[in-house]
Amino acid sequence: MLQESISPKINLVYGWYTSLLDKLRSPLLLSLRLYWGWQFFMTGKGKLINLDQTVDFFTQLNLPFPHLNAILAGSTECFCGLLLLLGLGSRFISIPLIATMVVAYLTADNEALTMIFSNPDGFVTATPFLFLLVSVIVLVFGPGSFSLDTLIEKISRKIESRFVELKQAV
């Protein structure tokens, strides 16, 4: 009898709790996109403005085609960072951002990567970690409701429904 009266209360509280957390998803994704999109943009812009220094650094890392890779990395971070800020093509642009951060781990922060299990603090405190984490979060969860992706989707649904209405009327 006690079990029967507790269970609906637990379900009610759990339902309220999950509903509240669901409402926080889009503001959280927006804040992540704004902050880290700006960070990507500024990092990429820095690479492009100081291209000679970036090329020298990439040369020291023994990357092939250091000039081309410096332009690619800087452009990817700069332009994809802006798109991330806007929430435009978010899941698509998160893929090259992830690839760029994986390359950063493999080259500039290789020691942190190789010691991921023996020294996890070194891995998570390495520069690429948070950039990579946010890129993966956006890839998996999308940009959230406060994005151009969502706005474009809503507009296209309205246009599609109007075409269906017109087609049915004819």
# chains A, B, ... in the order shown; residues from 1 in each chain; ligands from 1

call {"tool": "residues_around", "arguments": {"residues": "stretch 124-135 of chain A", "least_positions_apart": "5", "cutoff": "6 Å", "atoms": "only C-alpha atoms", "output": "ChimeraX atom specification"}}
result
/A:94,98,101

call {"tool": "write_last_selection", "arguments": {"atoms": "C-alpha atoms", "output": "mmCIF file, in the first residue's frame"}}
result
data_model
loop_
_atom_site.group_PDB
_atom_site.id
_atom_site.type_symbol
_atom_site.label_atom_id
_atom_site.label_comp_id
_atom_site.auth_asym_id
_atom_site.auth_seq_id
_atom_site.Cartn_x
_atom_site.Cartn_y
_atom_site.Cartn_z
ATOM 1 C CA SER A 94 31.551 20.292 -35.952
ATOM 2 C CA ILE A 98 36.731 17.739 -34.310
ATOM 3 C CA MET A 101 41.377 19.173 -32.565
#

call {"tool": "closest_residue", "arguments": {"among": "A:Leu113, A:Ala169, A:Leu51, A:Leu84", "to": "A:Leu68", "atoms": "only C-alpha atoms"}}
result
A:Leu51

call {"tool": "closest_residue", "arguments": {"among": "A:Phe117, A:Trp38, A:Phe92, A:Tyr105", "to": "A:Cys78", "atoms": "only C-alpha atoms"}}
result
A:Trp38

call {"tool": "atom_distance", "arguments": {"atom1": "atom CA of A:Ala108", "atom2": "atom CA of A:Thr59"}}
result
11.3 Å

call {"tool": "residues_around", "arguments": {"residues": "stretch 145-158 of chain A", "least_positions_apart": "3", "cutoff": "6 Å", "atoms": "only C-alpha atoms", "output": "NGL selection string"}}
result
:A and (26 or 87-88 or 161)

call {"tool": "write_last_selection", "arguments": {"atoms": "N, CA and C atoms", "output": "mmCIF file, in the first residue's frame"}}
result
data_model
loop_
_atom_site.group_PDB
_atom_site.id
_atom_site.type_symbol
_atom_site.label_atom_id
_atom_site.label_comp_id
_atom_site.auth_asym_id
_atom_site.auth_seq_id
_atom_site.Cartn_x
_atom_site.Cartn_y
_atom_site.Cartn_z
ATOM 1 N N SER A 26 18.592 23.930 -24.496
ATOM 2 C CA SER A 26 18.901 24.930 -25.524
ATOM 3 C C SER A 26 19.693 26.120 -24.993
ATOM 4 N N GLY A 87 25.051 29.124 -35.112
ATOM 5 C CA GLY A 87 24.250 27.906 -35.111
ATOM 6 C C GLY A 87 23.827 27.551 -36.524
ATOM 7 N N LEU A 88 24.695 27.764 -37.476
ATOM 8 C CA LEU A 88 24.396 27.511 -38.887
ATOM 9 C C LEU A 88 25.257 26.354 -39.384
ATOM 10 N N SER A 161 4.526 23.016 -45.820
ATOM 11 C CA SER A 161 3.101 22.815 -45.503
ATOM 12 C C SER A 161 2.218 23.682 -46.405
#

call {"tool": "residues_around", "arguments": {"residues": "A:Ile49", "least_positions_apart": "4", "cutoff": "12 Å", "atoms": "only C-alpha atoms", "output": "short mmCIF file (atom, residue, chain, number, x, y, z; two decimals) with C-alpha atoms, in the first residue's frame"}}
result
data_model
loop_
_atom_site.label_atom_id
_atom_site.label_comp_id
_atom_site.auth_asym_id
_atom_site.auth_seq_id
_atom_site.Cartn_x
_atom_site.Cartn_y
_atom_site.Cartn_z
CA PHE A 41 37.11 32.20 -34.30
CA MET A 42 39.77 34.10 -32.34
CA THR A 43 42.19 31.16 -32.39
CA GLY A 44 41.77 30.68 -36.13
CA LYS A 45 42.04 34.41 -36.77
CA GLN A 53 54.61 32.08 -36.93
CA THR A 54 51.96 29.38 -37.41
CA VAL A 55 53.90 27.92 -40.34
CA ALA A 70 48.39 26.42 -41.26
CA ILE A 71 45.93 27.99 -43.69
CA GLY A 74 43.29 28.67 -39.25
CA SER A 75 40.49 28.87 -41.82
CA CYS A 78 37.98 30.90 -37.92
#

call {"tool": "atom_distance", "arguments": {"atom1": "atom CA of A:Leu97", "atom2": "atom CA of A:Glu77"}}
result
6.7 Å

call {"tool": "atom_distance", "arguments": {"atom1": "atom CA of A:Leu86", "atom2": "atom CA of A:Leu139"}}
result
14.8 Å

call {"tool": "residues_around", "arguments": {"residues": "A:Leu28", "least_positions_apart": "5", "cutoff": "10 Å", "atoms": "only C-alpha atoms", "output": "list in words"}}
result
Lys23, Arg33, Leu34, Pro143 and Gly144 of chain A

call {"tool": "write_last_selection", "arguments": {"atoms": "C-alpha atoms", "output": "PDB file, in the first residue's frame"}}
result
ATOM      1  CA  LYS A  23      14.141  23.320 -20.869  1.00  0.00           C
ATOM      2  CA  ARG A  33      28.194  27.669 -28.980  1.00  0.00           C
ATOM      3  CA  LEU A  34      28.628  31.379 -28.282  1.00  0.00           C
ATOM      4  CA  PRO A 143      22.819  23.486 -31.877  1.00  0.00           C
ATOM      5  CA  GLY A 144      19.667  23.778 -29.761  1.00  0.00           C
TER       6      GLY A 144
END

call {"tool": "closest_residue", "arguments": {"among": "A:Met115, A:Leu106, A:Ala73, A:Leu12", "to": "A:Gly46", "atoms": "only C-alpha atoms"}}
result
A:Ala73

call {"tool": "closest_residue", "arguments": {"among": "A:Leu72, A:Asp22, A:Thr114, A:Ser7", "to": "A:Thr100", "atoms": "only C-alpha atoms"}}
result
A:Leu72

call {"tool": "select_by_dssp", "arguments": {"residues": "stretch 41-169 of chain A", "states": "alpha helix (DSSP H)", "output": "ChimeraX atom specification"}}
result
/A:41-49,51-60,66-86,90-107,110-114,120-124,128-141,148-169

call {"tool": "write_last_selection", "arguments": {"atoms": "C-alpha atoms", "output": "mmCIF file, in the first residue's frame"}}
result
data_model
loop_
_atom_site.group_PDB
_atom_site.id
_atom_site.type_symbol
_atom_site.label_atom_id
_atom_site.label_comp_id
_atom_site.auth_asym_id
_atom_site.auth_seq_id
_atom_site.Cartn_x
_atom_site.Cartn_y
_atom_site.Cartn_z
ATOM 1 C CA PHE A 41 37.112 32.204 -34.298
ATOM 2 C CA MET A 42 39.767 34.104 -32.341
ATOM 3 C CA THR A 43 42.194 31.159 -32.388
ATOM 4 C CA GLY A 44 41.771 30.683 -36.132
ATOM 5 C CA LYS A 45 42.038 34.413 -36.772
ATOM 6 C CA GLY A 46 45.264 34.476 -34.758
ATOM 7 C CA LYS A 47 46.681 31.643 -36.857
ATOM 8 C CA LEU A 48 45.798 33.455 -40.088
ATOM 9 C CA ILE A 49 47.020 36.903 -38.983
ATOM 10 C CA LEU A 51 50.629 32.937 -40.575
ATOM 11 C CA ASP A 52 54.442 32.970 -40.637
ATOM 12 C CA GLN A 53 54.608 32.079 -36.928
ATOM 13 C CA THR A 54 51.962 29.384 -37.407
ATOM 14 C CA VAL A 55 53.902 27.921 -40.341
ATOM 15 C CA ASP A 56 57.094 27.929 -38.245
ATOM 16 C CA PHE A 57 55.262 26.136 -35.413
ATOM 17 C CA PHE A 58 53.792 23.567 -37.811
ATOM 18 C CA THR A 59 57.269 23.075 -39.306
ATOM 19 C CA GLN A 60 58.677 22.368 -35.816
ATOM 20 C CA PRO A 66 53.099 23.350 -43.028
ATOM 21 C CA HIS A 67 51.958 26.429 -44.968
ATOM 22 C CA LEU A 68 48.906 24.683 -46.400
ATOM 23 C CA ASN A 69 48.072 23.061 -43.060
ATOM 24 C CA ALA A 70 48.395 26.418 -41.264
ATOM 25 C CA ILE A 71 45.934 27.989 -43.689
ATOM 26 C CA LEU A 72 43.566 25.011 -43.423
ATOM 27 C CA ALA A 73 43.657 24.901 -39.616
ATOM 28 C CA GLY A 74 43.290 28.669 -39.254
ATOM 29 C CA SER A 75 40.488 28.874 -41.815
ATOM 30 C CA THR A 76 38.633 25.920 -40.312
ATOM 31 C CA GLU A 77 38.801 27.349 -36.803
ATOM 32 C CA CYS A 78 37.976 30.896 -37.916
ATOM 33 C CA PHE A 79 35.078 30.270 -40.296
ATOM 34 C CA CYS A 80 33.604 27.232 -38.572
ATOM 35 C CA GLY A 81 33.827 29.171 -35.302
ATOM 36 C CA LEU A 82 31.667 31.924 -36.809
ATOM 37 C CA LEU A 83 29.165 29.362 -38.073
ATOM 38 C CA LEU A 84 29.139 27.733 -34.645
ATOM 39 C CA LEU A 85 28.352 31.130 -33.097
ATOM 40 C CA LEU A 86 25.369 31.500 -35.427
ATOM 41 C CA SER A 90 26.330 23.231 -36.671
ATOM 42 C CA ARG A 91 26.457 19.462 -36.895
ATOM 43 C CA PHE A 92 28.201 19.590 -40.243
ATOM 44 C CA ILE A 93 30.874 22.109 -39.197
ATOM 45 C CA SER A 94 31.551 20.292 -35.952
ATOM 46 C CA ILE A 95 33.157 17.471 -37.969
ATOM 47 C CA PRO A 96 36.087 19.539 -39.345
ATOM 48 C CA LEU A 97 36.463 21.177 -35.922
ATOM 49 C CA ILE A 98 36.731 17.739 -34.310
ATOM 50 C CA ALA A 99 39.256 16.668 -36.944
ATOM 51 C CA THR A 100 41.323 19.802 -36.316
ATOM 52 C CA MET A 101 41.377 19.173 -32.565
ATOM 53 C CA VAL A 102 42.301 15.510 -33.042
ATOM 54 C CA VAL A 103 45.237 16.619 -35.212
ATOM 55 C CA ALA A 104 46.190 19.136 -32.494
ATOM 56 C CA TYR A 105 46.266 16.294 -29.973
ATOM 57 C CA LEU A 106 48.252 14.052 -32.314
ATOM 58 C CA THR A 107 50.858 16.722 -32.979
ATOM 59 C CA ASN A 110 50.919 14.200 -28.296
ATOM 60 C CA GLU A 111 52.340 13.644 -24.817
ATOM 61 C CA ALA A 112 48.954 14.394 -23.234
ATOM 62 C CA LEU A 113 47.310 12.011 -25.685
ATOM 63 C CA THR A 114 49.726 9.146 -25.115
ATOM 64 C CA PRO A 120 44.199 11.725 -17.429
ATOM 65 C CA ASP A 121 44.627 15.172 -15.881
ATOM 66 C CA GLY A 122 47.193 15.961 -18.548
ATOM 67 C CA PHE A 123 44.748 14.938 -21.260
ATOM 68 C CA VAL A 124 41.802 16.997 -19.996
ATOM 69 C CA PRO A 128 42.443 21.033 -27.449
ATOM 70 C CA PHE A 129 40.304 19.187 -24.875
ATOM 71 C CA LEU A 130 37.495 21.704 -24.300
ATOM 72 C CA PHE A 131 37.425 22.677 -27.977
ATOM 73 C CA LEU A 132 37.065 18.993 -28.851
ATOM 74 C CA LEU A 133 34.476 18.360 -26.136
ATOM 75 C CA VAL A 134 32.209 21.207 -27.253
ATOM 76 C CA SER A 135 32.518 20.137 -30.889
ATOM 77 C CA VAL A 136 31.450 16.592 -29.973
ATOM 78 C CA ILE A 137 28.550 17.918 -27.851
ATOM 79 C CA VAL A 138 27.272 20.004 -30.778
ATOM 80 C CA LEU A 139 27.691 17.065 -33.160
ATOM 81 C CA VAL A 140 25.675 14.761 -30.888
ATOM 82 C CA PHE A 141 23.028 17.145 -29.501
ATOM 83 C CA LEU A 148 19.825 29.591 -37.377
ATOM 84 C CA ASP A 149 19.602 25.850 -38.088
ATOM 85 C CA THR A 150 16.354 25.672 -36.081
ATOM 86 C CA LEU A 151 14.989 28.882 -37.636
ATOM 87 C CA ILE A 152 15.684 27.611 -41.157
ATOM 88 C CA GLU A 153 14.071 24.283 -40.318
ATOM 89 C CA LYS A 154 10.904 26.015 -39.014
ATOM 90 C CA ILE A 155 10.676 28.244 -42.085
ATOM 91 C CA SER A 156 11.173 25.322 -44.461
ATOM 92 C CA ARG A 157 8.442 23.334 -42.672
ATOM 93 C CA LYS A 158 6.033 26.269 -43.074
ATOM 94 C CA ILE A 159 6.872 26.603 -46.760
ATOM 95 C CA GLU A 160 6.482 22.857 -47.260
ATOM 96 C CA SER A 161 3.101 22.815 -45.503
ATOM 97 C CA ARG A 162 1.914 25.734 -47.676
ATOM 98 C CA PHE A 163 2.922 23.840 -50.814
ATOM 99 C CA VAL A 164 1.033 20.781 -49.587
ATOM 100 C CA GLU A 165 -2.045 22.939 -48.903
ATOM 101 C CA LEU A 166 -1.825 24.512 -52.363
ATOM 102 C CA LYS A 167 -1.349 21.122 -54.000
ATOM 103 C CA GLN A 168 -4.393 19.723 -52.183
ATOM 104 C CA ALA A 169 -6.470 22.803 -53.149
#

call {"tool": "decode", "arguments": {"residues": "stretch 25-75 of chain A", "atoms": "N, CA and C atoms", "output": "PDB file, in the first residue's frame"}}
result
ATOM      1  N   ARG A  25      18.313  22.680 -21.886  1.00  0.00           N
ATOM      2  CA  ARG A  25      19.194  22.155 -22.938  1.00  0.00           C
ATOM      3  C   ARG A  25      19.578  23.238 -23.943  1.00  0.00           C
ATOM      4  N   SER A  26      18.592  23.930 -24.496  1.00  0.00           N
ATOM      5  CA  SER A  26      18.901  24.930 -25.524  1.00  0.00           C
ATOM      6  C   SER A  26      19.693  26.120 -24.993  1.00  0.00           C
ATOM      7  N   PRO A  27      19.355  26.665 -23.815  1.00  0.00           N
ATOM      8  CA  PRO A  27      20.217  27.747 -23.299  1.00  0.00           C
ATOM      9  C   PRO A  27      21.658  27.279 -23.050  1.00  0.00           C
ATOM     10  N   LEU A  28      21.826  26.050 -22.588  1.00  0.00           N
ATOM     11  CA  LEU A  28      23.179  25.533 -22.377  1.00  0.00           C
ATOM     12  C   LEU A  28      23.915  25.408 -23.705  1.00  0.00           C
ATOM     13  N   LEU A  29      23.255  24.825 -24.706  1.00  0.00           N
ATOM     14  CA  LEU A  29      23.887  24.685 -26.017  1.00  0.00           C
ATOM     15  C   LEU A  29      24.207  26.049 -26.620  1.00  0.00           C
ATOM     16  N   LEU A  30      23.323  27.024 -26.414  1.00  0.00           N
ATOM     17  CA  LEU A  30      23.581  28.377 -26.903  1.00  0.00           C
ATOM     18  C   LEU A  30      24.822  28.959 -26.237  1.00  0.00           C
ATOM     19  N   SER A  31      24.921  28.836 -24.935  1.00  0.00           N
ATOM     20  CA  SER A  31      26.085  29.399 -24.238  1.00  0.00           C
ATOM     21  C   SER A  31      27.373  28.701 -24.662  1.00  0.00           C
ATOM     22  N   LEU A  32      27.329  27.387 -24.846  1.00  0.00           N
ATOM     23  CA  LEU A  32      28.511  26.664 -25.325  1.00  0.00           C
ATOM     24  C   LEU A  32      28.906  27.125 -26.723  1.00  0.00           C
ATOM     25  N   ARG A  33      27.911  27.252 -27.602  1.00  0.00           N
ATOM     26  CA  ARG A  33      28.194  27.669 -28.980  1.00  0.00           C
ATOM     27  C   ARG A  33      28.753  29.089 -29.029  1.00  0.00           C
ATOM     28  N   LEU A  34      28.167  29.995 -28.249  1.00  0.00           N
ATOM     29  CA  LEU A  34      28.628  31.379 -28.282  1.00  0.00           C
ATOM     30  C   LEU A  34      30.055  31.511 -27.761  1.00  0.00           C
ATOM     31  N   TYR A  35      30.303  30.922 -26.610  1.00  0.00           N
ATOM     32  CA  TYR A  35      31.634  31.056 -26.013  1.00  0.00           C
ATOM     33  C   TYR A  35      32.690  30.355 -26.853  1.00  0.00           C
ATOM     34  N   TRP A  36      32.470  29.085 -27.172  1.00  0.00           N
ATOM     35  CA  TRP A  36      33.496  28.319 -27.873  1.00  0.00           C
ATOM     36  C   TRP A  36      33.550  28.641 -29.354  1.00  0.00           C
ATOM     37  N   GLY A  37      32.432  29.081 -29.932  1.00  0.00           N
ATOM     38  CA  GLY A  37      32.481  29.572 -31.311  1.00  0.00           C
ATOM     39  C   GLY A  37      33.390  30.783 -31.406  1.00  0.00           C
ATOM     40  N   TRP A  38      33.262  31.688 -30.421  1.00  0.00           N
ATOM     41  CA  TRP A  38      34.131  32.865 -30.383  1.00  0.00           C
ATOM     42  C   TRP A  38      35.592  32.453 -30.164  1.00  0.00           C
ATOM     43  N   GLN A  39      35.827  31.488 -29.291  1.00  0.00           N
ATOM     44  CA  GLN A  39      37.189  31.023 -29.039  1.00  0.00           C
ATOM     45  C   GLN A  39      37.801  30.402 -30.296  1.00  0.00           C
ATOM     46  N   PHE A  40      37.015  29.586 -31.003  1.00  0.00           N
ATOM     47  CA  PHE A  40      37.500  29.013 -32.265  1.00  0.00           C
ATOM     48  C   PHE A  40      37.831  30.133 -33.249  1.00  0.00           C
ATOM     49  N   PHE A  41      36.911  31.098 -33.368  1.00  0.00           N
ATOM     50  CA  PHE A  41      37.112  32.204 -34.298  1.00  0.00           C
ATOM     51  C   PHE A  41      38.397  32.960 -33.985  1.00  0.00           C
ATOM     52  N   MET A  42      38.592  33.329 -32.731  1.00  0.00           N
ATOM     53  CA  MET A  42      39.767  34.104 -32.341  1.00  0.00           C
ATOM     54  C   MET A  42      41.062  33.300 -32.527  1.00  0.00           C
ATOM     55  N   THR A  43      41.010  32.008 -32.209  1.00  0.00           N
ATOM     56  CA  THR A  43      42.194  31.159 -32.388  1.00  0.00           C
ATOM     57  C   THR A  43      42.546  31.037 -33.866  1.00  0.00           C
ATOM     58  N   GLY A  44      41.537  30.793 -34.692  1.00  0.00           N
ATOM     59  CA  GLY A  44      41.771  30.683 -36.132  1.00  0.00           C
ATOM     60  C   GLY A  44      42.244  31.988 -36.731  1.00  0.00           C
ATOM     61  N   LYS A  45      41.634  33.090 -36.299  1.00  0.00           N
ATOM     62  CA  LYS A  45      42.038  34.413 -36.772  1.00  0.00           C
ATOM     63  C   LYS A  45      43.498  34.678 -36.403  1.00  0.00           C
ATOM     64  N   GLY A  46      43.871  34.311 -35.185  1.00  0.00           N
ATOM     65  CA  GLY A  46      45.264  34.476 -34.758  1.00  0.00           C
ATOM     66  C   GLY A  46      46.223  33.687 -35.624  1.00  0.00           C
ATOM     67  N   LYS A  47      45.834  32.466 -35.984  1.00  0.00           N
ATOM     68  CA  LYS A  47      46.681  31.643 -36.857  1.00  0.00           C
ATOM     69  C   LYS A  47      46.846  32.303 -38.227  1.00  0.00           C
ATOM     70  N   LEU A  48      45.756  32.860 -38.755  1.00  0.00           N
ATOM     71  CA  LEU A  48      45.798  33.455 -40.088  1.00  0.00           C
ATOM     72  C   LEU A  48      46.531  34.795 -40.089  1.00  0.00           C
ATOM     73  N   ILE A  49      46.338  35.603 -39.053  1.00  0.00           N
ATOM     74  CA  ILE A  49      47.020  36.903 -38.983  1.00  0.00           C
ATOM     75  C   ILE A  49      48.522  36.710 -38.809  1.00  0.00           C
ATOM     76  N   ASN A  50      48.892  35.730 -38.008  1.00  0.00           N
ATOM     77  CA  ASN A  50      50.311  35.438 -37.761  1.00  0.00           C
ATOM     78  C   ASN A  50      50.718  34.171 -38.506  1.00  0.00           C
ATOM     79  N   LEU A  51      50.435  34.148 -39.775  1.00  0.00           N
ATOM     80  CA  LEU A  51      50.629  32.937 -40.575  1.00  0.00           C
ATOM     81  C   LEU A  51      52.078  32.462 -40.569  1.00  0.00           C
ATOM     82  N   ASP A  52      53.031  33.385 -40.633  1.00  0.00           N
ATOM     83  CA  ASP A  52      54.442  32.970 -40.637  1.00  0.00           C
ATOM     84  C   ASP A  52      54.805  32.239 -39.348  1.00  0.00           C
ATOM     85  N   GLN A  53      54.330  32.749 -38.205  1.00  0.00           N
ATOM     86  CA  GLN A  53      54.608  32.079 -36.928  1.00  0.00           C
ATOM     87  C   GLN A  53      53.922  30.720 -36.869  1.00  0.00           C
ATOM     88  N   THR A  54      52.695  30.651 -37.394  1.00  0.00           N
ATOM     89  CA  THR A  54      51.962  29.384 -37.407  1.00  0.00           C
ATOM     90  C   THR A  54      52.684  28.369 -38.286  1.00  0.00           C
ATOM     91  N   VAL A  55      53.158  28.816 -39.440  1.00  0.00           N
ATOM     92  CA  VAL A  55      53.902  27.921 -40.341  1.00  0.00           C
ATOM     93  C   VAL A  55      55.180  27.434 -39.663  1.00  0.00           C
ATOM     94  N   ASP A  56      55.885  28.330 -38.971  1.00  0.00           N
ATOM     95  CA  ASP A  56      57.094  27.929 -38.245  1.00  0.00           C
ATOM     96  C   ASP A  56      56.776  26.879 -37.184  1.00  0.00           C
ATOM     97  N   PHE A  57      55.672  27.098 -36.450  1.00  0.00           N
ATOM     98  CA  PHE A  57      55.262  26.136 -35.413  1.00  0.00           C
ATOM     99  C   PHE A  57      54.915  24.795 -36.039  1.00  0.00           C
ATOM    100  N   PHE A  58      54.164  24.815 -37.131  1.00  0.00           N
ATOM    101  CA  PHE A  58      53.792  23.567 -37.811  1.00  0.00           C
ATOM    102  C   PHE A  58      55.031  22.871 -38.386  1.00  0.00           C
ATOM    103  N   THR A  59      56.015  23.651 -38.812  1.00  0.00           N
ATOM    104  CA  THR A  59      57.269  23.075 -39.306  1.00  0.00           C
ATOM    105  C   THR A  59      58.001  22.368 -38.170  1.00  0.00           C
ATOM    106  N   GLN A  60      58.034  22.988 -36.980  1.00  0.00           N
ATOM    107  CA  GLN A  60      58.677  22.368 -35.816  1.00  0.00           C
ATOM    108  C   GLN A  60      57.982  21.072 -35.414  1.00  0.00           C
ATOM    109  N   LEU A  61      56.670  20.987 -35.682  1.00  0.00           N
ATOM    110  CA  LEU A  61      55.917  19.770 -35.361  1.00  0.00           C
ATOM    111  C   LEU A  61      56.083  18.702 -36.440  1.00  0.00           C
ATOM    112  N   ASN A  62      56.851  19.019 -37.466  1.00  0.00           N
ATOM    113  CA  ASN A  62      57.093  18.102 -38.594  1.00  0.00           C
ATOM    114  C   ASN A  62      55.813  17.748 -39.344  1.00  0.00           C
ATOM    115  N   LEU A  63      54.895  18.702 -39.425  1.00  0.00           N
ATOM    116  CA  LEU A  63      53.683  18.476 -40.214  1.00  0.00           C
ATOM    117  C   LEU A  63      54.018  18.613 -41.695  1.00  0.00           C
ATOM    118  N   PRO A  64      53.456  17.761 -42.526  1.00  0.00           N
ATOM    119  CA  PRO A  64      53.691  17.920 -43.966  1.00  0.00           C
ATOM    120  C   PRO A  64      52.960  19.172 -44.468  1.00  0.00           C
ATOM    121  N   PHE A  65      53.538  19.807 -45.459  1.00  0.00           N
ATOM    122  CA  PHE A  65      52.946  21.015 -46.046  1.00  0.00           C
ATOM    123  C   PHE A  65      52.523  22.013 -44.959  1.00  0.00           C
ATOM    124  N   PRO A  66      53.457  22.500 -44.168  1.00  0.00           N
ATOM    125  CA  PRO A  66      53.099  23.350 -43.028  1.00  0.00           C
ATOM    126  C   PRO A  66      52.337  24.616 -43.423  1.00  0.00           C
ATOM    127  N   HIS A  67      52.669  25.213 -44.550  1.00  0.00           N
ATOM    128  CA  HIS A  67      51.958  26.429 -44.968  1.00  0.00           C
ATOM    129  C   HIS A  67      50.498  26.125 -45.281  1.00  0.00           C
ATOM    130  N   LEU A  68      50.276  25.076 -46.054  1.00  0.00           N
ATOM    131  CA  LEU A  68      48.906  24.683 -46.400  1.00  0.00           C
ATOM    132  C   LEU A  68      48.124  24.274 -45.147  1.00  0.00           C
ATOM    133  N   ASN A  69      48.753  23.498 -44.277  1.00  0.00           N
ATOM    134  CA  ASN A  69      48.072  23.061 -43.060  1.00  0.00           C
ATOM    135  C   ASN A  69      47.775  24.234 -42.122  1.00  0.00           C
ATOM    136  N   ALA A  70      48.647  25.233 -42.087  1.00  0.00           N
ATOM    137  CA  ALA A  70      48.395  26.418 -41.264  1.00  0.00           C
ATOM    138  C   ALA A  70      47.179  27.178 -41.787  1.00  0.00           C
ATOM    139  N   ILE A  71      47.093  27.307 -43.093  1.00  0.00           N
ATOM    140  CA  ILE A  71      45.934  27.989 -43.689  1.00  0.00           C
ATOM    141  C   ILE A  71      44.665  27.177 -43.449  1.00  0.00           C
ATOM    142  N   LEU A  72      44.745  25.858 -43.635  1.00  0.00           N
ATOM    143  CA  LEU A  72      43.566  25.011 -43.423  1.00  0.00           C
ATOM    144  C   LEU A  72      43.094  25.040 -41.969  1.00  0.00           C
ATOM    145  N   ALA A  73      44.031  24.905 -41.030  1.00  0.00           N
ATOM    146  CA  ALA A  73      43.657  24.901 -39.616  1.00  0.00           C
ATOM    147  C   ALA A  73      43.092  26.259 -39.208  1.00  0.00           C
ATOM    148  N   GLY A  74      43.763  27.327 -39.597  1.00  0.00           N
ATOM    149  CA  GLY A  74      43.290  28.669 -39.254  1.00  0.00           C
ATOM    150  C   GLY A  74      41.937  28.974 -39.867  1.00  0.00           C
ATOM    151  N   SER A  75      41.763  28.627 -41.135  1.00  0.00           N
ATOM    152  CA  SER A  75      40.488  28.874 -41.815  1.00  0.00           C
ATOM    153  C   SER A  75      39.364  28.048 -41.203  1.00  0.00           C
TER     154      SER A  75
END
